[in-house]
Amino acid sequence: MDQNQKSGTVILCGSSGRLGSLILKESQNHPYPFQVYAPSRSELLEKITQQKDSYWLLDVTLPEGTESLVDFFLQNPLQKKILKGMIIGSTGHSDILLQKIQKLSESLPMIIVSNFSLGVMALQEILKASIDKDFKVIDLLKSLGFLSSLVEVHHIHKKDKPSGTAKSLAHAAQISFEDVVSLREGEVVGDHKLIYSREGEELSFQHVAHDRNIFAKGALKLLERAMEQEFKPGIYESKDVFLKNN
Ligand SMILES: NC(=O)c1ccc[n+]([C@@H]2O[C@H](COP(=O)([O-])OP(=O)(O)OC[C@H]3O[C@@H](n4cnc5c(N)ncnc54)[C@H](OP(=O)(O)O)[C@@H]3O)[C@@H](O)[C@H]2O)c1
């Protein structure tokens, strides 16, 4: 395909934020095969209602922004006609918002991604594989006397605690959210460490995000893969997008 030829449209919500502005910059600096529109908060609903061709929504606002978008589509079902799906990258969703997302997913593909980094996606799958299979590695660790803990460190501006990624990793590793230690320090991009320790030894899985741009690149790669496929209404996670058709 001609590198300038665009095969789809994306409306980016939250483009003035830390993550959204990186996604916008990355999409402008590299030849992604889709057109990214980045309306401001006040122009967003107008852009959505005026859209004529099919499009995807990439939401990297805050939970309240996600909720107002979800409410908008629940209350205006006709507006979903040309919407191919929604990728939600905000974190810290309330139970009420999760219920609304569930409701909207009955008629729209909803891809929920608490961390766009490809490394975190891989780590989640490694952890899930260690409890899903017949040979349960986590049970083995427990029976050997290892205690588990999860520590996450982020920048001081981060609003939710524990982080969405820590919740996903804790879920995958069967650790309760109350046992997650959350630290907020300086400008740390993101550090998640799952530790199994017993007297005299320690085993750990760690993901360190050194550069915030990995989230922008990961989000656009996910979009590119999602736009190559058709999704039925439902809730999806990033591995469903990357592993589909493989
Ligand atoms: N999935 C991932 O990989 C990943 C990575 C990093 C962060 N996150 C999450 O992504 C979200 C954004 O993070 P950030 O650091 O970019 O936050 P941020 O810098 O505070 O930016 C928030 C963005 O959301 C917009 N916004 C806020 N409230 C809104 C509302 N009610 N309606 C519409 N738009 C609204 C803001 O617009 P205004 O400029 O108009 O206020 C701004 O563009 C957070 O939930 C964060 O935890 C996810």
# chains A, B, ... in the order shown; residues from 1 in each chain; ligands from 1

call {"tool": "select_by_dssp", "arguments": {"residues": "range 98-236 of chain A", "states": "strand (DSSP E or B)", "output": "count of residues only"}}
result
38

call {"tool": "residues_near_ligand", "arguments": {"ligand": "ligand 1", "cutoff": "9 Å", "atoms": "only C-alpha atoms and all ligand atoms", "output": "PDB file with N, CA, C and O atoms, in the first residue's frame"}}
result
ATOM      1  N   CYS A  13      -9.473  10.431  21.783  1.00  0.00           N
ATOM      2  CA  CYS A  13     -10.078  11.235  22.862  1.00  0.00           C
ATOM      3  C   CYS A  13      -9.054  11.366  23.983  1.00  0.00           C
ATOM      4  O   CYS A  13      -8.542  10.349  24.465  1.00  0.00           O
ATOM      5  N   GLY A  14      -8.747  12.596  24.374  1.00  0.00           N
ATOM      6  CA  GLY A  14      -7.746  12.806  25.438  1.00  0.00           C
ATOM      7  C   GLY A  14      -6.402  13.218  24.870  1.00  0.00           C
ATOM      8  O   GLY A  14      -5.365  13.024  25.509  1.00  0.00           O
ATOM      9  N   SER A  15      -6.408  13.805  23.665  1.00  0.00           N
ATOM     10  CA  SER A  15      -5.142  14.096  22.975  1.00  0.00           C
ATOM     11  C   SER A  15      -4.334  15.215  23.628  1.00  0.00           C
ATOM     12  O   SER A  15      -3.179  15.405  23.290  1.00  0.00           O
ATOM     13  N   SER A  16      -4.947  15.966  24.562  1.00  0.00           N
ATOM     14  CA  SER A  16      -4.163  17.023  25.222  1.00  0.00           C
ATOM     15  C   SER A  16      -3.435  16.483  26.458  1.00  0.00           C
ATOM     16  O   SER A  16      -2.631  17.188  27.061  1.00  0.00           O
ATOM     17  N   GLY A  17      -3.702  15.242  26.819  1.00  0.00           N
ATOM     18  CA  GLY A  17      -3.098  14.674  28.037  1.00  0.00           C
ATOM     19  C   GLY A  17      -1.695  14.156  27.795  1.00  0.00           C
ATOM     20  O   GLY A  17      -1.188  14.162  26.670  1.00  0.00           O
ATOM     21  N   ARG A  18      -1.063  13.670  28.879  1.00  0.00           N
ATOM     22  CA  ARG A  18       0.316  13.153  28.774  1.00  0.00           C
ATOM     23  C   ARG A  18       0.391  12.013  27.764  1.00  0.00           C
ATOM     24  O   ARG A  18       1.233  12.012  26.874  1.00  0.00           O
ATOM     25  N   LEU A  19      -0.498  11.025  27.891  1.00  0.00           N
ATOM     26  CA  LEU A  19      -0.452   9.876  26.981  1.00  0.00           C
ATOM     27  C   LEU A  19      -0.996  10.259  25.599  1.00  0.00           C
ATOM     28  O   LEU A  19      -0.391   9.950  24.572  1.00  0.00           O
ATOM     29  N   GLY A  20      -2.154  10.952  25.587  1.00  0.00           N
ATOM     30  CA  GLY A  20      -2.788  11.292  24.312  1.00  0.00           C
ATOM     31  C   GLY A  20      -1.878  12.124  23.423  1.00  0.00           C
ATOM     32  O   GLY A  20      -1.819  11.908  22.207  1.00  0.00           O
ATOM     33  N   SER A  21      -1.126  13.073  24.004  1.00  0.00           N
ATOM     34  CA  SER A  21      -0.281  13.925  23.155  1.00  0.00           C
ATOM     35  C   SER A  21       0.870  13.112  22.560  1.00  0.00           C
ATOM     36  O   SER A  21       1.293  13.359  21.433  1.00  0.00           O
ATOM     37  N   LEU A  22       1.346  12.110  23.292  1.00  0.00           N
ATOM     38  CA  LEU A  22       2.408  11.256  22.726  1.00  0.00           C
ATOM     39  C   LEU A  22       1.859  10.404  21.584  1.00  0.00           C
ATOM     40  O   LEU A  22       2.532  10.184  20.572  1.00  0.00           O
ATOM     41  N   SER A  40     -10.505  18.456  20.624  1.00  0.00           N
ATOM     42  CA  SER A  40     -10.375  18.820  22.040  1.00  0.00           C
ATOM     43  C   SER A  40     -11.607  18.280  22.781  1.00  0.00           C
ATOM     44  O   SER A  40     -12.583  17.860  22.155  1.00  0.00           O
ATOM     45  N   ARG A  41     -11.571  18.334  24.093  1.00  0.00           N
ATOM     46  CA  ARG A  41     -12.688  17.846  24.903  1.00  0.00           C
ATOM     47  C   ARG A  41     -14.005  18.505  24.464  1.00  0.00           C
ATOM     48  O   ARG A  41     -15.017  17.843  24.303  1.00  0.00           O
ATOM     49  N   SER A  42     -13.967  19.833  24.222  1.00  0.00           N
ATOM     50  CA  SER A  42     -15.213  20.544  23.884  1.00  0.00           C
ATOM     51  C   SER A  42     -15.696  20.237  22.462  1.00  0.00           C
ATOM     52  O   SER A  42     -16.870  20.399  22.159  1.00  0.00           O
ATOM     53  N   LEU A  44     -15.279  17.197  20.988  1.00  0.00           N
ATOM     54  CA  LEU A  44     -15.319  15.742  20.779  1.00  0.00           C
ATOM     55  C   LEU A  44     -16.677  15.229  20.285  1.00  0.00           C
ATOM     56  O   LEU A  44     -16.758  14.536  19.256  1.00  0.00           O
ATOM     57  N   ASP A  59      -9.733   5.931  23.370  1.00  0.00           N
ATOM     58  CA  ASP A  59     -10.015   6.776  24.531  1.00  0.00           C
ATOM     59  C   ASP A  59      -8.875   6.705  25.545  1.00  0.00           C
ATOM     60  O   ASP A  59      -8.658   5.667  26.170  1.00  0.00           O
ATOM     61  N   VAL A  60      -8.137   7.804  25.665  1.00  0.00           N
ATOM     62  CA  VAL A  60      -7.113   7.889  26.718  1.00  0.00           C
ATOM     63  C   VAL A  60      -7.380   9.124  27.577  1.00  0.00           C
ATOM     64  O   VAL A  60      -6.488   9.888  27.907  1.00  0.00           O
ATOM     65  N   THR A  61      -8.675   9.324  27.883  1.00  0.00           N
ATOM     66  CA  THR A  61      -9.035  10.384  28.825  1.00  0.00           C
ATOM     67  C   THR A  61      -8.891   9.814  30.239  1.00  0.00           C
ATOM     68  O   THR A  61      -8.166   8.840  30.440  1.00  0.00           O
ATOM     69  N   LEU A  62      -9.573  10.385  31.168  1.00  0.00           N
ATOM     70  CA  LEU A  62      -9.605   9.857  32.538  1.00  0.00           C
ATOM     71  C   LEU A  62     -10.917   9.093  32.696  1.00  0.00           C
ATOM     72  O   LEU A  62     -11.783   9.158  31.809  1.00  0.00           O
ATOM     73  N   PRO A  63     -11.138   8.369  33.800  1.00  0.00           N
ATOM     74  CA  PRO A  63     -12.375   7.582  33.934  1.00  0.00           C
ATOM     75  C   PRO A  63     -13.640   8.402  33.698  1.00  0.00           C
ATOM     76  O   PRO A  63     -14.600   7.921  33.093  1.00  0.00           O
ATOM     77  N   GLU A  64     -13.634   9.673  34.131  1.00  0.00           N
ATOM     78  CA  GLU A  64     -14.856  10.486  33.928  1.00  0.00           C
ATOM     79  C   GLU A  64     -15.086  10.775  32.449  1.00  0.00           C
ATOM     80  O   GLU A  64     -16.237  10.863  31.994  1.00  0.00           O
ATOM     81  N   GLY A  65     -14.001  10.901  31.678  1.00  0.00           N
ATOM     82  CA  GLY A  65     -14.126  11.100  30.232  1.00  0.00           C
ATOM     83  C   GLY A  65     -14.648   9.826  29.576  1.00  0.00           C
ATOM     84  O   GLY A  65     -15.519   9.867  28.700  1.00  0.00           O
ATOM     85  N   THR A  66     -14.126   8.686  30.005  1.00  0.00           N
ATOM     86  CA  THR A  66     -14.594   7.397  29.477  1.00  0.00           C
ATOM     87  C   THR A  66     -16.082   7.238  29.771  1.00  0.00           C
ATOM     88  O   THR A  66     -16.868   6.840  28.906  1.00  0.00           O
ATOM     89  N   GLU A  67     -16.469   7.596  31.014  1.00  0.00           N
ATOM     90  CA  GLU A  67     -17.874   7.425  31.397  1.00  0.00           C
ATOM     91  C   GLU A  67     -18.777   8.306  30.532  1.00  0.00           C
ATOM     92  O   GLU A  67     -19.842   7.861  30.099  1.00  0.00           O
ATOM     93  N   SER A  68     -18.349   9.539  30.256  1.00  0.00           N
ATOM     94  CA  SER A  68     -19.244  10.393  29.457  1.00  0.00           C
ATOM     95  C   SER A  68     -19.349   9.873  28.026  1.00  0.00           C
ATOM     96  O   SER A  68     -20.415   9.953  27.416  1.00  0.00           O
ATOM     97  N   LEU A  69     -18.272   9.282  27.501  1.00  0.00           N
ATOM     98  CA  LEU A  69     -18.340   8.689  26.148  1.00  0.00           C
ATOM     99  C   LEU A  69     -19.281   7.476  26.140  1.00  0.00           C
ATOM    100  O   LEU A  69     -20.117   7.327  25.247  1.00  0.00           O
ATOM    101  N   ILE A  88     -10.317   1.344  24.996  1.00  0.00           N
ATOM    102  CA  ILE A  88     -10.282   2.157  26.221  1.00  0.00           C
ATOM    103  C   ILE A  88      -8.943   1.952  26.928  1.00  0.00           C
ATOM    104  O   ILE A  88      -8.622   0.847  27.366  1.00  0.00           O
ATOM    105  N   GLY A  89      -8.183   3.039  27.022  1.00  0.00           N
ATOM    106  CA  GLY A  89      -6.870   2.957  27.668  1.00  0.00           C
ATOM    107  C   GLY A  89      -6.825   3.673  29.001  1.00  0.00           C
ATOM    108  O   GLY A  89      -5.793   3.675  29.661  1.00  0.00           O
ATOM    109  N   SER A  90      -7.953   4.291  29.404  1.00  0.00           N
ATOM    110  CA  SER A  90      -7.953   4.938  30.727  1.00  0.00           C
ATOM    111  C   SER A  90      -8.001   3.844  31.796  1.00  0.00           C
ATOM    112  O   SER A  90      -8.375   2.708  31.508  1.00  0.00           O
ATOM    113  N   THR A  91      -7.619   4.204  33.021  1.00  0.00           N
ATOM    114  CA  THR A  91      -7.637   3.212  34.107  1.00  0.00           C
ATOM    115  C   THR A  91      -8.349   3.807  35.321  1.00  0.00           C
ATOM    116  O   THR A  91      -8.641   5.007  35.345  1.00  0.00           O
ATOM    117  N   GLY A  92      -8.611   2.949  36.317  1.00  0.00           N
ATOM    118  CA  GLY A  92      -9.268   3.421  37.542  1.00  0.00           C
ATOM    119  C   GLY A  92     -10.776   3.490  37.388  1.00  0.00           C
ATOM    120  O   GLY A  92     -11.415   4.393  37.939  1.00  0.00           O
ATOM    121  N   HIS A  93     -11.355   2.557  36.632  1.00  0.00           N
ATOM    122  CA  HIS A  93     -12.806   2.568  36.390  1.00  0.00           C
ATOM    123  C   HIS A  93     -13.583   2.129  37.640  1.00  0.00           C
ATOM    124  O   HIS A  93     -13.223   1.137  38.272  1.00  0.00           O
ATOM    125  N   ILE A 112     -10.420  -3.305  26.101  1.00  0.00           N
ATOM    126  CA  ILE A 112      -9.993  -2.619  27.327  1.00  0.00           C
ATOM    127  C   ILE A 112      -8.521  -2.964  27.576  1.00  0.00           C
ATOM    128  O   ILE A 112      -8.192  -4.143  27.750  1.00  0.00           O
ATOM    129  N   VAL A 113      -7.684  -1.943  27.600  1.00  0.00           N
ATOM    130  CA  VAL A 113      -6.240  -2.192  27.722  1.00  0.00           C
ATOM    131  C   VAL A 113      -5.651  -1.288  28.800  1.00  0.00           C
ATOM    132  O   VAL A 113      -5.461  -0.090  28.595  1.00  0.00           O
ATOM    133  N   SER A 114      -5.384  -1.868  29.962  1.00  0.00           N
ATOM    134  CA  SER A 114      -4.881  -1.039  31.060  1.00  0.00           C
ATOM    135  C   SER A 114      -3.414  -0.666  30.842  1.00  0.00           C
ATOM    136  O   SER A 114      -2.895   0.220  31.518  1.00  0.00           O
ATOM    137  N   ASN A 115      -2.739  -1.352  29.921  1.00  0.00           N
ATOM    138  CA  ASN A 115      -1.333  -1.018  29.663  1.00  0.00           C
ATOM    139  C   ASN A 115      -1.022  -1.362  28.211  1.00  0.00           C
ATOM    140  O   ASN A 115      -1.131  -2.520  27.819  1.00  0.00           O
ATOM    141  N   PHE A 116      -0.669  -0.355  27.437  1.00  0.00           N
ATOM    142  CA  PHE A 116      -0.420  -0.572  26.009  1.00  0.00           C
ATOM    143  C   PHE A 116       0.973  -1.144  25.738  1.00  0.00           C
ATOM    144  O   PHE A 116       1.304  -1.402  24.592  1.00  0.00           O
ATOM    145  N   SER A 117       1.784  -1.321  26.780  1.00  0.00           N
ATOM    146  CA  SER A 117       3.130  -1.847  26.544  1.00  0.00           C
ATOM    147  C   SER A 117       3.037  -3.316  26.156  1.00  0.00           C
ATOM    148  O   SER A 117       2.290  -4.097  26.741  1.00  0.00           O
ATOM    149  N   HIS A 157       1.884  12.098  39.582  1.00  0.00           N
ATOM    150  CA  HIS A 157       0.644  12.647  39.003  1.00  0.00           C
ATOM    151  C   HIS A 157      -0.425  11.567  38.832  1.00  0.00           C
ATOM    152  O   HIS A 157      -1.575  11.881  38.564  1.00  0.00           O
ATOM    153  N   LYS A 158      -0.032  10.313  38.933  1.00  0.00           N
ATOM    154  CA  LYS A 158      -0.984   9.228  38.665  1.00  0.00           C
ATOM    155  C   LYS A 158      -2.095   9.241  39.706  1.00  0.00           C
ATOM    156  O   LYS A 158      -1.840   9.284  40.901  1.00  0.00           O
ATOM    157  N   LYS A 159      -3.353   9.156  39.212  1.00  0.00           N
ATOM    158  CA  LYS A 159      -4.481   9.346  40.130  1.00  0.00           C
ATOM    159  C   LYS A 159      -4.962   8.050  40.758  1.00  0.00           C
ATOM    160  O   LYS A 159      -5.365   8.021  41.908  1.00  0.00           O
ATOM    161  N   ASP A 160      -4.969   6.934  40.002  1.00  0.00           N
ATOM    162  CA  ASP A 160      -5.528   5.698  40.560  1.00  0.00           C
ATOM    163  C   ASP A 160      -4.461   4.868  41.281  1.00  0.00           C
ATOM    164  O   ASP A 160      -3.282   4.900  40.952  1.00  0.00           O
ATOM    165  N   SER A 163      -2.439   0.745  40.298  1.00  0.00           N
ATOM    166  CA  SER A 163      -2.562   1.041  38.865  1.00  0.00           C
ATOM    167  C   SER A 163      -3.419  -0.041  38.193  1.00  0.00           C
ATOM    168  O   SER A 163      -3.548  -1.158  38.709  1.00  0.00           O
ATOM    169  N   GLY A 164      -3.986   0.309  37.030  1.00  0.00           N
ATOM    170  CA  GLY A 164      -4.775  -0.682  36.272  1.00  0.00           C
ATOM    171  C   GLY A 164      -3.934  -1.901  35.939  1.00  0.00           C
ATOM    172  O   GLY A 164      -4.407  -3.043  35.984  1.00  0.00           O
ATOM    173  N   THR A 165      -2.660  -1.663  35.631  1.00  0.00           N
ATOM    174  CA  THR A 165      -1.768  -2.783  35.287  1.00  0.00           C
ATOM    175  C   THR A 165      -1.547  -3.669  36.503  1.00  0.00           C
ATOM    176  O   THR A 165      -1.566  -4.908  36.398  1.00  0.00           O
ATOM    177  N   VAL A 189       7.995   6.300  35.162  1.00  0.00           N
ATOM    178  CA  VAL A 189       7.044   5.996  34.079  1.00  0.00           C
ATOM    179  C   VAL A 189       6.160   4.809  34.449  1.00  0.00           C
ATOM    180  O   VAL A 189       4.939   4.833  34.244  1.00  0.00           O
ATOM    181  N   GLY A 190       6.747   3.790  35.016  1.00  0.00           N
ATOM    182  CA  GLY A 190       5.940   2.628  35.422  1.00  0.00           C
ATOM    183  C   GLY A 190       6.839   1.448  35.735  1.00  0.00           C
ATOM    184  O   GLY A 190       7.698   1.083  34.917  1.00  0.00           O
ATOM    185  N   ARG A 212       7.869   6.620  28.198  1.00  0.00           N
ATOM    186  CA  ARG A 212       6.408   6.698  28.041  1.00  0.00           C
ATOM    187  C   ARG A 212       5.978   6.429  26.596  1.00  0.00           C
ATOM    188  O   ARG A 212       4.835   6.062  26.338  1.00  0.00           O
ATOM    189  N   ILE A 214       6.606   4.020  24.778  1.00  0.00           N
ATOM    190  CA  ILE A 214       6.216   2.621  24.508  1.00  0.00           C
ATOM    191  C   ILE A 214       4.692   2.486  24.546  1.00  0.00           C
ATOM    192  O   ILE A 214       4.124   1.670  23.844  1.00  0.00           O
ATOM    193  N   PHE A 215       4.019   3.303  25.381  1.00  0.00           N
ATOM    194  CA  PHE A 215       2.553   3.214  25.461  1.00  0.00           C
ATOM    195  C   PHE A 215       1.919   3.766  24.184  1.00  0.00           C
ATOM    196  O   PHE A 215       0.947   3.229  23.671  1.00  0.00           O
ATOM    197  N   ALA A 216       2.504   4.862  23.682  1.00  0.00           N
ATOM    198  CA  ALA A 216       1.974   5.458  22.441  1.00  0.00           C
ATOM    199  C   ALA A 216       2.174   4.501  21.268  1.00  0.00           C
ATOM    200  O   ALA A 216       1.253   4.229  20.494  1.00  0.00           O
ATOM    201  N   GLY A 218       2.645   1.277  21.402  1.00  0.00           N
ATOM    202  CA  GLY A 218       1.834   0.071  21.628  1.00  0.00           C
ATOM    203  C   GLY A 218       0.371   0.326  21.283  1.00  0.00           C
ATOM    204  O   GLY A 218      -0.293  -0.514  20.672  1.00  0.00           O
ATOM    205  N   ALA A 219      -0.131   1.515  21.635  1.00  0.00           N
ATOM    206  CA  ALA A 219      -1.544   1.841  21.354  1.00  0.00           C
ATOM    207  C   ALA A 219      -1.779   1.881  19.851  1.00  0.00           C
ATOM    208  O   ALA A 219      -2.783   1.361  19.344  1.00  0.00           O
TER     209      ALA A 219
END

call {"tool": "closest_atom_pairs", "arguments": {"of": "range 39-154 of chain A", "to": "range 171-180 of chain A", "cutoff": "10 Å", "atoms": "only C-alpha atoms", "output": "tab-separated table"}}
result
residue	atom	partner	partner_atom	distance
A:Leu123	CA	A:Ala172	CA	9.4
A:Gln124	CA	A:Ala172	CA	6.4
A:Glu125	CA	A:Ala172	CA	8.0
A:Ile126	CA	A:Ala172	CA	8.9
A:Leu127	CA	A:Ala172	CA	5.7
A:Lys128	CA	A:Ala172	CA	5.1
A:Ala129	CA	A:Ala172	CA	8.8
A:Ser130	CA	A:Ala173	CA	8.3
A:Ile131	CA	A:Ala173	CA	7.5
A:Asp132	CA	A:Ala172	CA	9.5
A:Ile138	CA	A:Ala173	CA	7.5
A:Ser148	CA	A:Ile175	CA	7.5
A:Ser149	CA	A:Val180	CA	6.6
A:Leu150	CA	A:Val180	CA	5.0
A:Val151	CA	A:Val180	CA	5.9
A:Glu152	CA	A:Val180	CA	7.5

call {"tool": "residues_around", "arguments": {"residues": "Glu228 in chain A", "least_positions_apart": "2", "cutoff": "12 Å", "atoms": "only C-alpha atoms", "output": "ChimeraX atom specification"}}
result
/A:7-8,33-34,56,84,221-226,230-231,241-242,244-245

call {"tool": "write_last_selection", "arguments": {"atoms": "N, CA, C and O atoms", "output": "CSV table (one decimal), in the first residue's frame"}}
result
chain,number,residue,atom,x,y,z
A,7,SER,N,-6.2,3.9,5.4
A,7,SER,CA,-7.3,2.9,5.2
A,7,SER,C,-8.4,3.0,6.3
A,7,SER,O,-9.3,2.2,6.3
A,8,GLY,N,-8.3,3.9,7.2
A,8,GLY,CA,-9.3,4.0,8.2
A,8,GLY,C,-9.1,5.3,9.0
A,8,GLY,O,-8.2,6.1,8.8
A,33,PRO,N,-1.2,3.5,8.8
A,33,PRO,CA,-2.2,3.4,7.7
A,33,PRO,C,-3.6,3.9,8.1
A,33,PRO,O,-4.5,3.4,7.5
A,34,PHE,N,-3.7,4.8,9.0
A,34,PHE,CA,-5.0,5.4,9.3
A,34,PHE,C,-4.8,6.9,9.7
A,34,PHE,O,-3.8,7.3,10.0
A,56,TRP,N,-12.8,4.1,14.4
A,56,TRP,CA,-12.6,3.6,15.7
A,56,TRP,C,-12.4,4.8,16.7
A,56,TRP,O,-11.9,5.8,16.3
A,84,LYS,N,-16.8,1.3,14.6
A,84,LYS,CA,-16.3,-0.1,14.5
A,84,LYS,C,-16.0,-0.6,15.9
A,84,LYS,O,-16.1,-1.8,16.1
A,221,LYS,N,0.0,0.4,17.5
A,221,LYS,CA,0.2,-0.9,16.9
A,221,LYS,C,-1.1,-1.7,17.1
A,221,LYS,O,-1.5,-2.5,16.3
A,222,LEU,N,-1.6,-1.6,18.3
A,222,LEU,CA,-2.9,-2.3,18.6
A,222,LEU,C,-4.0,-1.8,17.7
A,222,LEU,O,-4.8,-2.7,17.2
A,223,LEU,N,-4.1,-0.5,17.5
A,223,LEU,CA,-5.1,0.0,16.6
A,223,LEU,C,-4.9,-0.6,15.2
A,223,LEU,O,-5.9,-1.0,14.6
A,224,GLU,N,-3.7,-0.6,14.7
A,224,GLU,CA,-3.4,-1.1,13.4
A,224,GLU,C,-3.9,-2.5,13.2
A,224,GLU,O,-4.6,-2.8,12.3
A,225,ARG,N,-3.6,-3.3,14.2
A,225,ARG,CA,-4.0,-4.7,14.2
A,225,ARG,C,-5.6,-4.8,14.3
A,225,ARG,O,-6.2,-5.7,13.6
A,226,ALA,N,-6.1,-4.0,15.2
A,226,ALA,CA,-7.6,-4.1,15.4
A,226,ALA,C,-8.3,-3.7,14.1
A,226,ALA,O,-9.3,-4.3,13.7
A,230,GLU,N,-12.3,-7.9,11.9
A,230,GLU,CA,-13.7,-7.6,12.3
A,230,GLU,C,-14.0,-8.2,13.7
A,230,GLU,O,-13.6,-9.3,13.9
A,231,PHE,N,-14.6,-7.4,14.5
A,231,PHE,CA,-14.9,-7.9,15.9
A,231,PHE,C,-16.4,-7.9,16.1
A,231,PHE,O,-17.1,-6.9,15.7
A,241,VAL,N,-6.5,-9.1,20.3
A,241,VAL,CA,-6.3,-8.4,19.0
A,241,VAL,C,-5.0,-8.9,18.4
A,241,VAL,O,-5.0,-9.2,17.2
A,242,PHE,N,-4.0,-9.1,19.2
A,242,PHE,CA,-2.7,-9.5,18.6
A,242,PHE,C,-2.7,-11.0,18.1
A,242,PHE,O,-2.0,-11.3,17.2
A,244,LYS,N,-5.5,-12.8,17.2
A,244,LYS,CA,-6.6,-13.1,16.3
A,244,LYS,C,-6.0,-13.4,14.9
A,244,LYS,O,-5.1,-12.7,14.5
A,245,ASN,N,-6.5,-14.4,14.2
A,245,ASN,CA,-6.1,-14.8,12.9
A,245,ASN,C,-4.8,-15.4,12.9
A,245,ASN,O,-4.2,-15.7,11.8

call {"tool": "residues_around", "arguments": {"residues": "Leu78 in chain A", "least_positions_apart": "6", "cutoff": "12 Å", "atoms": "only C-alpha atoms", "output": "PyMOL selection string"}}
result
chain A and resi 48-49+72+107-108

call {"tool": "write_last_selection", "arguments": {"atoms": "N, CA and C atoms", "output": "mmCIF file, in the first residue's frame"}}
result
data_model
loop_
_atom_site.group_PDB
_atom_site.id
_atom_site.type_symbol
_atom_site.label_atom_id
_atom_site.label_comp_id
_atom_site.auth_asym_id
_atom_site.auth_seq_id
_atom_site.Cartn_x
_atom_site.Cartn_y
_atom_site.Cartn_z
ATOM 1 N N ILE A 48 -17.764 13.455 16.701
ATOM 2 C CA ILE A 48 -18.376 12.117 16.615
ATOM 3 C C ILE A 48 -19.696 12.187 15.833
ATOM 4 N N THR A 49 -20.516 13.167 16.137
ATOM 5 C CA THR A 49 -21.842 13.227 15.492
ATOM 6 C C THR A 49 -21.729 13.623 14.022
ATOM 7 N N PHE A 72 -22.778 8.532 26.383
ATOM 8 C CA PHE A 72 -23.242 9.112 25.121
ATOM 9 C C PHE A 72 -23.730 8.010 24.165
ATOM 10 N N SER A 107 -23.468 -4.400 22.298
ATOM 11 C CA SER A 107 -23.727 -3.955 20.929
ATOM 12 C C SER A 107 -22.496 -3.359 20.244
ATOM 13 N N LEU A 108 -21.353 -3.387 20.913
ATOM 14 C CA LEU A 108 -20.158 -2.746 20.341
ATOM 15 C C LEU A 108 -18.890 -3.474 20.819
#

call {"tool": "atom_distance", "arguments": {"atom1": "CA of Tyr196 in chain A", "atom2": "CA of Val137 in chain A"}}
result
11.7 Å

call {"tool": "select_by_dssp", "arguments": {"residues": "range 68-179 of chain A", "states": "alpha helix (DSSP H)", "output": "number ranges by chain"}}
result
A: 68-75, 95-104, 118-132, 137-143, 164-172

call {"tool": "residues_around", "arguments": {"residues": "Thr9 in chain A", "least_positions_apart": "5", "cutoff": "9 Å", "atoms": "only C-alpha atoms", "output": "ChimeraX atom specification"}}
result
/A:34-37,53-57

call {"tool": "write_last_selection", "arguments": {"atoms": "N, CA, C and O atoms", "output": "PDB file, in the first residue's frame"}}
result
ATOM      1  N   PHE A  34      -3.677   4.839   8.981  1.00  0.00           N
ATOM      2  CA  PHE A  34      -4.995   5.394   9.314  1.00  0.00           C
ATOM      3  C   PHE A  34      -4.842   6.871   9.659  1.00  0.00           C
ATOM      4  O   PHE A  34      -3.758   7.345  10.007  1.00  0.00           O
ATOM      5  N   GLN A  35      -5.967   7.564   9.544  1.00  0.00           N
ATOM      6  CA  GLN A  35      -5.995   8.998   9.825  1.00  0.00           C
ATOM      7  C   GLN A  35      -6.400   9.201  11.282  1.00  0.00           C
ATOM      8  O   GLN A  35      -7.409   8.619  11.716  1.00  0.00           O
ATOM      9  N   VAL A  36      -5.619   9.959  12.030  1.00  0.00           N
ATOM     10  CA  VAL A  36      -5.983  10.209  13.438  1.00  0.00           C
ATOM     11  C   VAL A  36      -6.532  11.632  13.584  1.00  0.00           C
ATOM     12  O   VAL A  36      -5.865  12.603  13.218  1.00  0.00           O
ATOM     13  N   TYR A  37      -7.749  11.734  14.099  1.00  0.00           N
ATOM     14  CA  TYR A  37      -8.329  13.039  14.429  1.00  0.00           C
ATOM     15  C   TYR A  37      -8.240  13.213  15.939  1.00  0.00           C
ATOM     16  O   TYR A  37      -8.483  12.261  16.686  1.00  0.00           O
ATOM     17  N   ASP A  53     -17.863   8.486   7.801  1.00  0.00           N
ATOM     18  CA  ASP A  53     -17.324   7.152   7.473  1.00  0.00           C
ATOM     19  C   ASP A  53     -17.048   6.382   8.756  1.00  0.00           C
ATOM     20  O   ASP A  53     -16.904   6.981   9.819  1.00  0.00           O
ATOM     21  N   SER A  54     -16.907   5.053   8.597  1.00  0.00           N
ATOM     22  CA  SER A  54     -16.678   4.227   9.783  1.00  0.00           C
ATOM     23  C   SER A  54     -15.364   4.634  10.463  1.00  0.00           C
ATOM     24  O   SER A  54     -14.436   5.125   9.817  1.00  0.00           O
ATOM     25  N   TYR A  55     -15.313   4.420  11.756  1.00  0.00           N
ATOM     26  CA  TYR A  55     -14.138   4.866  12.515  1.00  0.00           C
ATOM     27  C   TYR A  55     -14.005   4.063  13.802  1.00  0.00           C
ATOM     28  O   TYR A  55     -14.945   3.380  14.233  1.00  0.00           O
ATOM     29  N   TRP A  56     -12.813   4.136  14.391  1.00  0.00           N
ATOM     30  CA  TRP A  56     -12.555   3.592  15.733  1.00  0.00           C
ATOM     31  C   TRP A  56     -12.361   4.756  16.690  1.00  0.00           C
ATOM     32  O   TRP A  56     -11.897   5.817  16.290  1.00  0.00           O
ATOM     33  N   LEU A  57     -12.704   4.505  17.948  1.00  0.00           N
ATOM     34  CA  LEU A  57     -12.426   5.500  18.997  1.00  0.00           C
ATOM     35  C   LEU A  57     -11.283   4.984  19.864  1.00  0.00           C
ATOM     36  O   LEU A  57     -11.306   3.818  20.280  1.00  0.00           O
TER      37      LEU A  57
END

call {"tool": "closest_residue", "arguments": {"among": "A:Asn213, A:Gln229, A:Ser182, A:Ser143", "to": "Arg198 in chain A", "atoms": "only C-alpha atoms"}}
result
A:Ser143
